[in-house]
file run.cif (mmCIF, C-alpha atoms)
data_model
#
loop_
_atom_site.label_atom_id
_atom_site.label_comp_id
_atom_site.auth_asym_id
_atom_site.auth_seq_id
_atom_site.Cartn_x
_atom_site.Cartn_y
_atom_site.Cartn_z
CA ARG L 1 -9.43 8.53 20.51
CA ARG L 2 -5.93 9.93 20.89
CA ARG L 3 -4.69 7.02 18.77
CA HIS L 4 -7.23 7.45 15.96
CA ARG L 5 -6.83 9.19 12.67
CA TYR L 6 -10.29 9.96 11.37
CA GLY L 7 -11.37 10.58 7.81
CA SER L 8 -14.57 10.54 5.83
CA ARG L 9 -16.03 9.69 2.50
CA PHE L 10 -15.64 12.43 -0.09
CA ALA L 11 -16.87 13.78 -3.41
CA ARG L 12 -14.65 14.90 -6.29
CA ASP L 13 -14.77 18.13 -8.28
CA PRO L 14 -14.92 17.52 -11.19
CA PRO L 15 -16.88 14.33 -10.48
CA ASP L 16 -14.75 12.17 -12.80
CA ALA L 17 -11.42 13.15 -11.19
CA THR L 18 -9.59 10.00 -10.00
CA ALA L 19 -12.93 8.23 -10.27
CA ARG L 20 -11.51 4.74 -9.74
CA TYR L 21 -9.61 5.72 -6.59
CA ALA L 22 -12.56 7.67 -5.17
CA ALA L 23 -14.94 4.75 -5.72
CA TRP L 24 -12.46 2.32 -4.11
CA ALA L 25 -11.68 4.51 -1.08
CA ASN L 26 -15.32 5.41 -0.41
CA ALA L 27 -16.41 1.76 -0.59
CA LEU L 28 -13.55 0.25 1.42
CA PRO L 29 -14.87 -1.68 4.46
CA ALA L 30 -13.73 -0.43 7.86
CA ASN L 31 -11.75 -3.61 8.54
CA ARG L 32 -9.59 -2.99 5.46
CA LEU L 33 -8.51 0.58 6.17
CA ALA L 34 -5.25 -0.62 7.72
CA LEU L 35 -4.85 -3.79 5.65
CA GLU L 36 -4.79 -1.84 2.38
CA ARG L 37 -2.41 0.90 3.59
CA PHE L 38 0.49 -0.18 1.37
CA ARG L 39 -1.74 -0.05 -1.71
CA GLU L 40 -3.07 3.51 -1.34
CA VAL L 41 -3.87 6.06 1.36
CA THR L 42 -7.16 4.59 2.55
CA LEU L 43 -8.35 7.81 4.21
CA VAL L 44 -7.89 10.65 1.74
CA GLN L 45 -5.76 13.43 3.22
CA PRO L 46 -8.20 16.40 2.92
CA THR L 47 -10.66 14.53 5.18
CA TRP L 48 -8.23 13.90 8.05
CA PHE L 49 -8.90 15.04 11.57
CA TYR L 50 -7.10 13.85 14.70
CA HIS L 51 -5.87 14.78 18.16
CA LYS L 52 -2.53 16.58 18.36
CA ASP L 53 -1.07 13.50 20.08
CA VAL L 54 -1.49 11.64 16.78
CA TRP L 55 0.57 14.33 15.07
CA ARG L 56 3.30 14.15 17.69
CA ARG L 57 3.45 10.37 17.83
CA ALA L 58 3.81 10.00 14.05
CA GLY L 59 6.16 12.94 13.64
CA GLY L 60 3.90 15.12 11.50
CA PHE L 61 4.82 16.13 7.96
CA ASP L 62 8.55 15.82 7.33
CA GLY L 63 8.79 18.03 4.23
CA ALA L 64 10.01 15.15 2.05
CA THR L 65 8.37 14.06 -1.17
CA CYS L 66 4.85 12.65 -0.58
CA ASP L 67 5.10 13.52 3.12
CA ASP L 68 1.36 13.02 3.63
CA LEU L 69 1.75 9.37 2.60
CA ARG L 70 4.79 8.97 4.85
CA PHE L 71 2.93 10.56 7.78
CA PHE L 72 -0.01 8.22 7.21
CA LEU L 73 2.21 5.12 7.10
CA ARG L 74 4.17 6.17 10.21
CA HIS L 75 0.89 6.62 12.06
CA CYS L 76 -0.10 3.03 11.25
CA ALA L 77 3.37 1.64 12.01
CA ARG L 78 3.42 3.28 15.45
CA GLY L 79 0.17 1.73 16.59
CA GLY L 80 -2.21 4.38 15.28
CA LEU L 81 -5.76 3.40 14.37
CA LEU L 82 -7.90 4.41 11.41
CA ARG L 83 -11.59 5.22 11.40
CA ARG L 84 -13.83 6.61 8.65
CA VAL L 85 -17.03 8.61 9.00
CA ASP L 86 -19.29 7.03 6.40
CA GLU L 87 -20.69 10.31 5.14
CA SER L 88 -19.32 12.53 2.39
CA LEU L 89 -18.03 15.53 4.38
CA VAL L 90 -15.53 16.97 1.90
CA THR L 91 -15.49 17.94 -1.77
CA TYR L 92 -11.94 17.30 -2.95
CA ARG L 93 -11.10 19.54 -5.90
CA GLN L 94 -8.65 18.72 -8.65
CA VAL L 95 -6.97 21.85 -10.04
CA PRO L 96 -4.20 22.31 -12.62
CA GLY L 97 -0.75 22.25 -11.05
CA SER L 98 -1.84 20.36 -7.94
CA LEU L 99 1.13 18.92 -6.05
CA SER L 100 -0.70 15.59 -5.78
CA PHE L 101 -0.40 15.10 -9.52
CA SER L 102 3.25 16.17 -9.77
CA THR L 103 4.47 13.39 -7.46
CA SER L 104 5.98 10.57 -9.50
CA ARG L 105 4.71 7.03 -9.27
CA ARG L 106 8.24 5.90 -8.38
CA ASP L 107 8.37 8.25 -5.38
CA LEU L 108 5.07 6.85 -4.13
CA VAL L 109 6.22 3.25 -4.60
CA ARG L 110 9.50 4.01 -2.83
CA ALA L 111 7.70 5.52 0.18
CA ARG L 112 5.41 2.49 0.45
CA VAL L 113 8.27 0.01 0.08
CA GLU L 114 10.36 1.80 2.72
CA ALA L 115 7.42 1.66 5.12
CA PHE L 116 6.73 -2.00 4.28
CA ALA L 117 10.36 -2.90 4.91
CA ALA L 118 10.43 -1.16 8.28
CA ASP L 119 6.98 -2.25 9.41
CA VAL L 120 6.79 -5.81 8.05
CA LEU L 121 10.21 -7.10 6.99
CA ASP L 122 11.77 -5.81 10.21
CA GLY L 123 8.66 -6.77 12.17
CA ALA L 124 6.53 -9.90 11.91
CA TRP L 125 8.52 -11.25 8.94
CA ARG L 126 11.99 -10.54 10.35
CA GLY L 127 14.51 -13.05 9.03
CA ARG L 128 12.10 -14.63 6.55
CA LYS L 129 12.35 -14.73 2.76
CA ILE L 130 9.30 -13.36 0.98
CA HIS L 131 7.52 -14.48 -2.20
CA VAL L 132 6.12 -11.90 -4.61
CA TRP L 133 2.90 -12.68 -6.51
CA GLY L 134 3.14 -10.79 -9.79
CA ALA L 135 6.06 -10.52 -12.23
CA GLY L 136 4.50 -7.64 -14.14
CA ARG L 137 5.08 -3.92 -13.67
CA ASP L 138 3.99 -3.72 -10.03
CA GLY L 139 5.90 -6.79 -8.89
CA ARG L 140 9.07 -5.68 -10.65
CA CYS L 141 8.78 -2.15 -9.19
CA PHE L 142 8.35 -3.64 -5.72
CA VAL L 143 11.41 -5.89 -5.86
CA ASN L 144 13.55 -3.22 -7.54
CA GLU L 145 12.76 -0.72 -4.78
CA LEU L 146 13.47 -3.36 -2.15
CA ASP L 147 16.79 -3.99 -3.87
CA ALA L 148 17.56 -0.25 -3.98
CA ALA L 149 16.95 -0.17 -0.22
CA GLY L 150 19.38 -3.04 0.31
CA ARG L 151 16.60 -5.61 0.84
CA GLY L 152 16.74 -7.47 -2.49
CA GLY L 153 18.15 -10.52 -0.74
CA ARG L 154 14.91 -10.89 1.21
CA VAL L 155 13.02 -11.91 -1.96
CA GLU L 156 12.96 -15.64 -2.72
CA ALA L 157 11.19 -15.46 -6.09
CA LEU L 158 8.50 -13.89 -8.25
CA TYR L 159 5.36 -15.80 -9.29
CA ASP L 160 2.94 -15.24 -12.15
CA VAL L 161 0.01 -16.77 -14.04
CA ASP L 162 1.43 -15.67 -17.40
CA ALA L 163 3.57 -18.44 -18.87
CA ALA L 164 5.46 -15.85 -20.95
CA LYS L 165 6.88 -14.30 -17.77
CA LEU L 166 8.13 -17.54 -16.22
CA GLY L 167 11.85 -18.26 -16.04
CA THR L 168 14.10 -15.46 -14.82
CA TYR L 169 13.70 -11.75 -14.15
CA HIS L 170 16.90 -9.78 -14.57
CA ASN L 171 17.41 -6.05 -14.07
CA GLY L 172 20.31 -5.16 -16.34
CA ALA L 173 20.89 -1.83 -14.61
CA THR L 174 21.30 -3.20 -11.09
CA GLY L 175 22.09 -6.88 -11.61
CA LEU L 176 19.09 -8.06 -9.58
CA THR L 177 18.16 -11.53 -10.78
CA LEU L 178 15.23 -13.58 -9.50
CA PRO L 179 13.52 -16.79 -10.60
CA VAL L 180 9.92 -16.51 -11.81
CA PHE L 181 7.69 -19.51 -11.09
CA ASP L 182 4.12 -20.46 -11.82
CA VAL L 183 1.89 -18.83 -9.21
CA ARG L 184 0.56 -22.21 -8.12
CA ALA L 185 3.98 -22.79 -6.54
CA VAL L 186 3.83 -19.65 -4.37
CA ALA L 187 4.73 -20.10 -0.70
CA THR L 188 4.27 -18.05 2.45
CA PRO L 189 4.76 -15.32 3.34
CA PHE L 190 3.74 -13.74 0.06
CA VAL L 191 3.06 -10.20 -1.12
CA VAL L 192 0.41 -9.63 -3.78
CA CYS L 193 1.49 -7.17 -6.48
CA VAL L 194 -1.37 -7.59 -8.95
CA SER L 195 -4.68 -5.79 -9.30
CA LEU L 196 -7.55 -7.39 -7.39
CA ARG L 197 -10.29 -5.48 -9.21
CA ASP L 198 -11.24 -8.65 -11.10
CA PRO L 199 -13.35 -10.74 -8.68
CA ALA L 200 -11.94 -13.94 -10.20
CA VAL L 201 -8.36 -12.86 -9.44
CA ALA L 202 -9.31 -11.83 -5.91
CA ALA L 203 -11.04 -15.18 -5.34
CA PHE L 204 -7.98 -17.06 -6.63
CA VAL L 205 -5.69 -15.15 -4.25
CA GLU L 206 -8.05 -15.81 -1.33
CA ALA L 207 -8.31 -19.50 -2.19
CA THR L 208 -4.52 -19.80 -2.39
CA ALA L 209 -4.10 -18.05 0.96
CA ALA L 210 -6.65 -20.41 2.53
CA ARG L 211 -4.89 -23.45 1.07
CA LEU L 212 -1.56 -22.30 2.51
CA GLY L 213 -3.06 -21.30 5.86
CA ALA L 214 -1.98 -17.68 5.31
CA VAL L 215 -3.70 -14.86 7.20
CA GLU L 216 -3.89 -11.50 5.44
CA GLY L 217 -1.92 -8.83 7.21
CA ALA L 218 -0.12 -11.31 9.48
#

call {"tool": "encode", "arguments": {"input": "run.cif", "output": "structure tokens"}}
result
Amino acid sequence: RRRHRYGSRFARDPPDATARYAAWANALPANRLALERFREVTLVQPTWFYHKDVWRRAGGFDGATCDDLRFFLRHCARGGLLRRVDESLVTYRQVPGSLSFSTSRRDLVRARVEAFAADVLDGAWRGRKIHVWGAGRDGRCFVNELDAAGRGGRVEALYDVDAAKLGTYHNGATGLTLPVFDVRAVATPFVVCVSLRDPAVAAFVEATAARLGAVEGA
């Protein structure tokens, strides 16, 4: 229990505040709490409770931008476990001026990419080139932040289903240039940077992983 960070399901006030995120987080199966950590915080911060050893091991809040996200990702990276109480124990209010809504999307992406680089690129995938599924906004943000962190050379290529995106991706501001191939040519290890809300897309990704012998999260 001294390695667990606990959370719970939650309600929103007003009920339609971040409705998509709330529905996703509340419905997430227990075995995906850690797997989905680079997508969003899978246990919403106001529901957290944990032993003080968890705080010490992960370094607590560091005062930097989106420090709750950074704290959460450090907990996972340092062997911490996640568990959710499947009852709604908290009403999470959205109020004007909330710090949560003043944090830029780029800051959130940067925090996730930094954690991914330290936890995965320097861990199980050390020394390996990665393949990025998605040449749209999310895929481009991911590779640009990797490049800003000095890791652009770890990306082999981008892949997409949209024929209009195939060819070459070039960032004129930084000089990052990557080939963009049809997604059917994707290789392992690959990172998925597209929405999986569409069941057909999720099934296609799962089928591709199975064909390549890839194991999610490994």

call {"tool": "closest_residue", "arguments": {"input": "run.cif", "among": "L:Ala203, L:Ala214, L:Leu166, L:Ala117", "to": "Thr188 of chain L", "atoms": "all atoms listed in the file"}}
result
L:Ala214

call {"tool": "atom_distance", "arguments": {"input": "run.cif", "atom1": "atom CA of His51 of chain L", "atom2": "atom CA of Phe116 of chain L"}}
result
25.2 Å

call {"tool": "residues_around", "arguments": {"input": "run.cif", "residues": "segment 26-33 of chain L", "least_positions_apart": "4", "cutoff": "9 Å", "atoms": "all atoms listed in the file", "output": "PyMOL selection string"}}
result
chain L and resi 8-10+21-22+37+41-43+82-84+86+88

call {"tool": "write_last_selection", "arguments": {"input": "run.cif", "atoms": "C-alpha atoms", "output": "PDB file, in the coordinates of the input"}}
result
ATOM      1  CA  SER L   8     -14.570  10.540   5.830  1.00  0.00           C
ATOM      2  CA  ARG L   9     -16.030   9.690   2.500  1.00  0.00           C
ATOM      3  CA  PHE L  10     -15.640  12.430  -0.090  1.00  0.00           C
ATOM      4  CA  TYR L  21      -9.610   5.720  -6.590  1.00  0.00           C
ATOM      5  CA  ALA L  22     -12.560   7.670  -5.170  1.00  0.00           C
ATOM      6  CA  ARG L  37      -2.410   0.900   3.590  1.00  0.00           C
ATOM      7  CA  VAL L  41      -3.870   6.060   1.360  1.00  0.00           C
ATOM      8  CA  THR L  42      -7.160   4.590   2.550  1.00  0.00           C
ATOM      9  CA  LEU L  43      -8.350   7.810   4.210  1.00  0.00           C
ATOM     10  CA  LEU L  82      -7.900   4.410  11.410  1.00  0.00           C
ATOM     11  CA  ARG L  83     -11.590   5.220  11.400  1.00  0.00           C
ATOM     12  CA  ARG L  84     -13.830   6.610   8.650  1.00  0.00           C
ATOM     13  CA  ASP L  86     -19.290   7.030   6.400  1.00  0.00           C
ATOM     14  CA  SER L  88     -19.320  12.530   2.390  1.00  0.00           C
TER      15      SER L  88
END

call {"tool": "closest_residue", "arguments": {"input": "run.cif", "among": "L:Pro199, L:Gly134, L:Gly139, L:Gly152", "to": "Arg184 of chain L", "atoms": "all atoms listed in the file"}}
result
L:Gly134

call {"tool": "resolve_selection", "arguments": {"input": "run.cif", "expression": "the PyMOL selection byres ((chain L and resi 112) around 8)", "output": "VMD selection string"}}
result
chain L and resid 38 to 39 70 73 108 to 111 113 to 116

call {"tool": "closest_residue", "arguments": {"input": "run.cif", "among": "L:Arg20, L:Arg56, L:Arg93, L:Arg154", "to": "His131 of chain L", "atoms": "all atoms listed in the file"}}
result
L:Arg154

call {"tool": "closest_residue", "arguments": {"input": "run.cif", "among": "L:Tyr92, L:Tyr169, L:Phe204, L:Trp48", "to": "Phe71 of chain L", "atoms": "only C-alpha atoms"}}
result
L:Trp48

call {"tool": "resolve_selection", "arguments": {"input": "run.cif", "expression": "the PyMOL selection byres ((chain L and resi 163) around 12)", "output": "ChimeraX atom specification"}}
result
/L:134-136,159-162,164-168,180-184

call {"tool": "decode", "arguments": {"input": "run.cif", "residues": "segment 199-215 of chain L", "atoms": "all heavy atoms", "output": "compact mmCIF listing (two decimals), in the first residue's frame"}}
result
# COMPACT_ATOMS: atom_id res chain seq x y z
N PRO L 199 -14.17 3.12 -32.48
CA PRO L 199 -13.87 1.69 -32.30
C PRO L 199 -13.16 1.07 -33.51
O PRO L 199 -12.34 0.16 -33.34
CB PRO L 199 -15.25 1.06 -32.08
CG PRO L 199 -16.10 2.18 -31.56
CD PRO L 199 -15.61 3.41 -32.26
N ALA L 200 -13.46 1.56 -34.71
CA ALA L 200 -12.82 1.00 -35.91
C ALA L 200 -11.33 1.32 -35.92
O ALA L 200 -10.50 0.48 -36.30
CB ALA L 200 -13.50 1.54 -37.16
N VAL L 201 -10.98 2.54 -35.50
CA VAL L 201 -9.56 2.93 -35.44
C VAL L 201 -8.85 2.10 -34.38
O VAL L 201 -7.75 1.58 -34.59
CB VAL L 201 -9.42 4.43 -35.16
CG1 VAL L 201 -7.94 4.80 -34.95
CG2 VAL L 201 -10.02 5.26 -36.29
N ALA L 202 -9.48 1.97 -33.21
CA ALA L 202 -8.88 1.19 -32.13
C ALA L 202 -8.67 -0.26 -32.56
O ALA L 202 -7.62 -0.87 -32.27
CB ALA L 202 -9.77 1.25 -30.89
N ALA L 203 -9.65 -0.82 -33.26
CA ALA L 203 -9.53 -2.21 -33.73
C ALA L 203 -8.40 -2.35 -34.75
O ALA L 203 -7.67 -3.37 -34.75
CB ALA L 203 -10.86 -2.66 -34.34
N PHE L 204 -8.24 -1.35 -35.61
CA PHE L 204 -7.17 -1.38 -36.62
C PHE L 204 -5.79 -1.34 -35.94
O PHE L 204 -4.87 -2.08 -36.30
CB PHE L 204 -7.34 -0.21 -37.59
CG PHE L 204 -6.33 -0.15 -38.70
CD1 PHE L 204 -5.84 -1.30 -39.29
CD2 PHE L 204 -5.88 1.08 -39.17
CE1 PHE L 204 -4.92 -1.24 -40.33
CE2 PHE L 204 -4.96 1.15 -40.20
CZ PHE L 204 -4.48 -0.01 -40.78
N VAL L 205 -5.66 -0.48 -34.92
CA VAL L 205 -4.40 -0.40 -34.19
C VAL L 205 -4.11 -1.73 -33.50
O VAL L 205 -2.97 -2.25 -33.55
CB VAL L 205 -4.44 0.75 -33.16
CG1 VAL L 205 -3.21 0.70 -32.24
CG2 VAL L 205 -4.52 2.10 -33.86
N GLU L 206 -5.12 -2.31 -32.85
CA GLU L 206 -4.94 -3.58 -32.16
C GLU L 206 -4.57 -4.70 -33.13
O GLU L 206 -3.69 -5.54 -32.84
CB GLU L 206 -6.21 -3.94 -31.40
CG GLU L 206 -6.48 -3.03 -30.20
CD GLU L 206 -7.84 -3.25 -29.58
OE1 GLU L 206 -8.57 -4.16 -30.06
OE2 GLU L 206 -8.19 -2.51 -28.64
N ALA L 207 -5.22 -4.71 -34.29
CA ALA L 207 -4.92 -5.74 -35.29
C ALA L 207 -3.49 -5.59 -35.81
O ALA L 207 -2.79 -6.59 -36.03
CB ALA L 207 -5.92 -5.66 -36.44
N THR L 208 -3.06 -4.36 -36.03
CA THR L 208 -1.70 -4.11 -36.49
C THR L 208 -0.68 -4.55 -35.45
O THR L 208 0.34 -5.19 -35.77
CB THR L 208 -1.50 -2.61 -36.81
OG1 THR L 208 -2.45 -2.22 -37.81
CG2 THR L 208 -0.08 -2.34 -37.31
N ALA L 209 -0.94 -4.22 -34.18
CA ALA L 209 -0.05 -4.64 -33.10
C ALA L 209 0.05 -6.17 -33.04
O ALA L 209 1.15 -6.73 -32.88
CB ALA L 209 -0.53 -4.09 -31.77
N ALA L 210 -1.08 -6.85 -33.18
CA ALA L 210 -1.10 -8.30 -33.14
C ALA L 210 -0.30 -8.88 -34.31
O ALA L 210 0.47 -9.83 -34.15
CB ALA L 210 -2.53 -8.81 -33.17
N ARG L 211 -0.46 -8.29 -35.48
CA ARG L 211 0.26 -8.76 -36.67
C ARG L 211 1.77 -8.63 -36.51
O ARG L 211 2.54 -9.49 -36.94
CB ARG L 211 -0.21 -7.99 -37.91
CG ARG L 211 0.56 -8.27 -39.18
CD ARG L 211 -0.03 -7.57 -40.40
NE ARG L 211 -0.07 -6.13 -40.26
CZ ARG L 211 0.96 -5.31 -40.49
NH1 ARG L 211 2.14 -5.82 -40.84
NH2 ARG L 211 0.83 -4.00 -40.37
N LEU L 212 2.18 -7.55 -35.83
CA LEU L 212 3.62 -7.29 -35.64
C LEU L 212 4.19 -7.95 -34.38
O LEU L 212 5.39 -7.86 -34.13
CB LEU L 212 3.85 -5.77 -35.58
CG LEU L 212 3.54 -4.98 -36.85
CD1 LEU L 212 3.66 -3.49 -36.58
CD2 LEU L 212 4.46 -5.41 -38.00
N GLY L 213 3.29 -8.58 -33.60
CA GLY L 213 3.74 -9.20 -32.36
C GLY L 213 4.08 -8.19 -31.27
O GLY L 213 4.87 -8.48 -30.37
N ALA L 214 3.49 -6.98 -31.38
CA ALA L 214 3.78 -5.92 -30.40
C ALA L 214 2.89 -6.09 -29.18
O ALA L 214 1.73 -6.50 -29.28
CB ALA L 214 3.53 -4.55 -31.03
N VAL L 215 3.44 -5.78 -28.01
CA VAL L 215 2.70 -5.84 -26.76
C VAL L 215 2.56 -4.42 -26.22
O VAL L 215 3.57 -3.72 -26.04
CB VAL L 215 3.42 -6.72 -25.72
CG1 VAL L 215 2.68 -6.72 -24.38
CG2 VAL L 215 3.57 -8.14 -26.24
